[in-house]
Amino acid sequence: MVERQERTAPDAVLTRIGQVVMLHHAGDREEARRRLLDLWAEIGEHGAPLHRCTLAHYLADTQDDPSDELAWDLRALSAAEGAAGLRGFYPSLHLNLAADYVKLGRTEAARSHLRRARGAATALGDDGYGDGVRAAISRLELRLGDDGDPGTDSWSPPRQRPH
């Protein structure tokens, strides 16, 4: 009975992350970044992979500098690689990294992560989340095109809370 309750009990850390993400979406980017960094300090590098991946994923969104955004997205991928159950996040994580590299003018690195995102997308379900990630992959593929010029428009993939 206790084991069943543990499996169905809400995850307090994910709930706290979700609350901060709502703050960020409401427009308070700096406060959201501060609170997410506080959570990161609390769980540390040895926290649960799901928590580290989710936190780093959303911390990337709060960064002003594209290099900092890249660093947090790399942390998110690293955390996901540490847990087999997080493989479903790979399409979105690689897509985010591709977008980071586009912002930094590193087209070949962007293409590499975009190929990984496309390859991992077979694991996505036929639902709103999967459709959104696949559509974002296609949009970035079109932007990169054959000439490799990502253009000057700002672009970023959809950020959705991992399921």
# chains A, B, ... in the order shown; residues from 1 in each chain; ligands from 1

call {"tool": "closest_atom_pairs", "arguments": {"of": "range 106-145 of chain A", "to": "range 56-79 of chain A", "cutoff": "12 Å", "atoms": "only C-alpha atoms", "output": "tab-separated table"}}
result
residue	atom	partner	partner_atom	distance
A:Arg106	CA	A:Ser67	CA	11.4
A:Ala109	CA	A:Leu70	CA	11.7
A:Ala110	CA	A:Leu70	CA	11.3
A:His113	CA	A:Leu77	CA	11.2
A:Arg116	CA	A:Leu77	CA	12.0
A:Ala117	CA	A:Leu77	CA	11.7

call {"tool": "residues_around", "arguments": {"residues": "Ser92 in chain A", "least_positions_apart": "5", "cutoff": "12 Å", "atoms": "only C-alpha atoms", "output": "ChimeraX atom specification"}}
result
/A:53-54,57,73,76-77,80,86-87,97-99,113-124,129-137,156-163

call {"tool": "atom_distance", "arguments": {"atom1": "CA of Ile43 in chain A", "atom2": "CA of Gly82 in chain A"}}
result
15.5 Å

call {"tool": "atom_distance", "arguments": {"atom1": "CA of Glu45 in chain A", "atom2": "CA of Arg111 in chain A"}}
result
28.8 Å

call {"tool": "atom_distance", "arguments": {"atom1": "CA of Leu14 in chain A", "atom2": "CA of Ala41 in chain A"}}
result
14.9 Å

call {"tool": "closest_residue", "arguments": {"among": "A:Leu144, A:Ala83, A:Thr107, A:Asp100", "to": "Gly47 in chain A", "atoms": "only C-alpha atoms"}}
result
A:Ala83

call {"tool": "closest_residue", "arguments": {"among": "A:Gly27, A:Leu142, A:Val102, A:Gly125", "to": "Gly88 in chain A", "atoms": "only C-alpha atoms"}}
result
A:Gly125
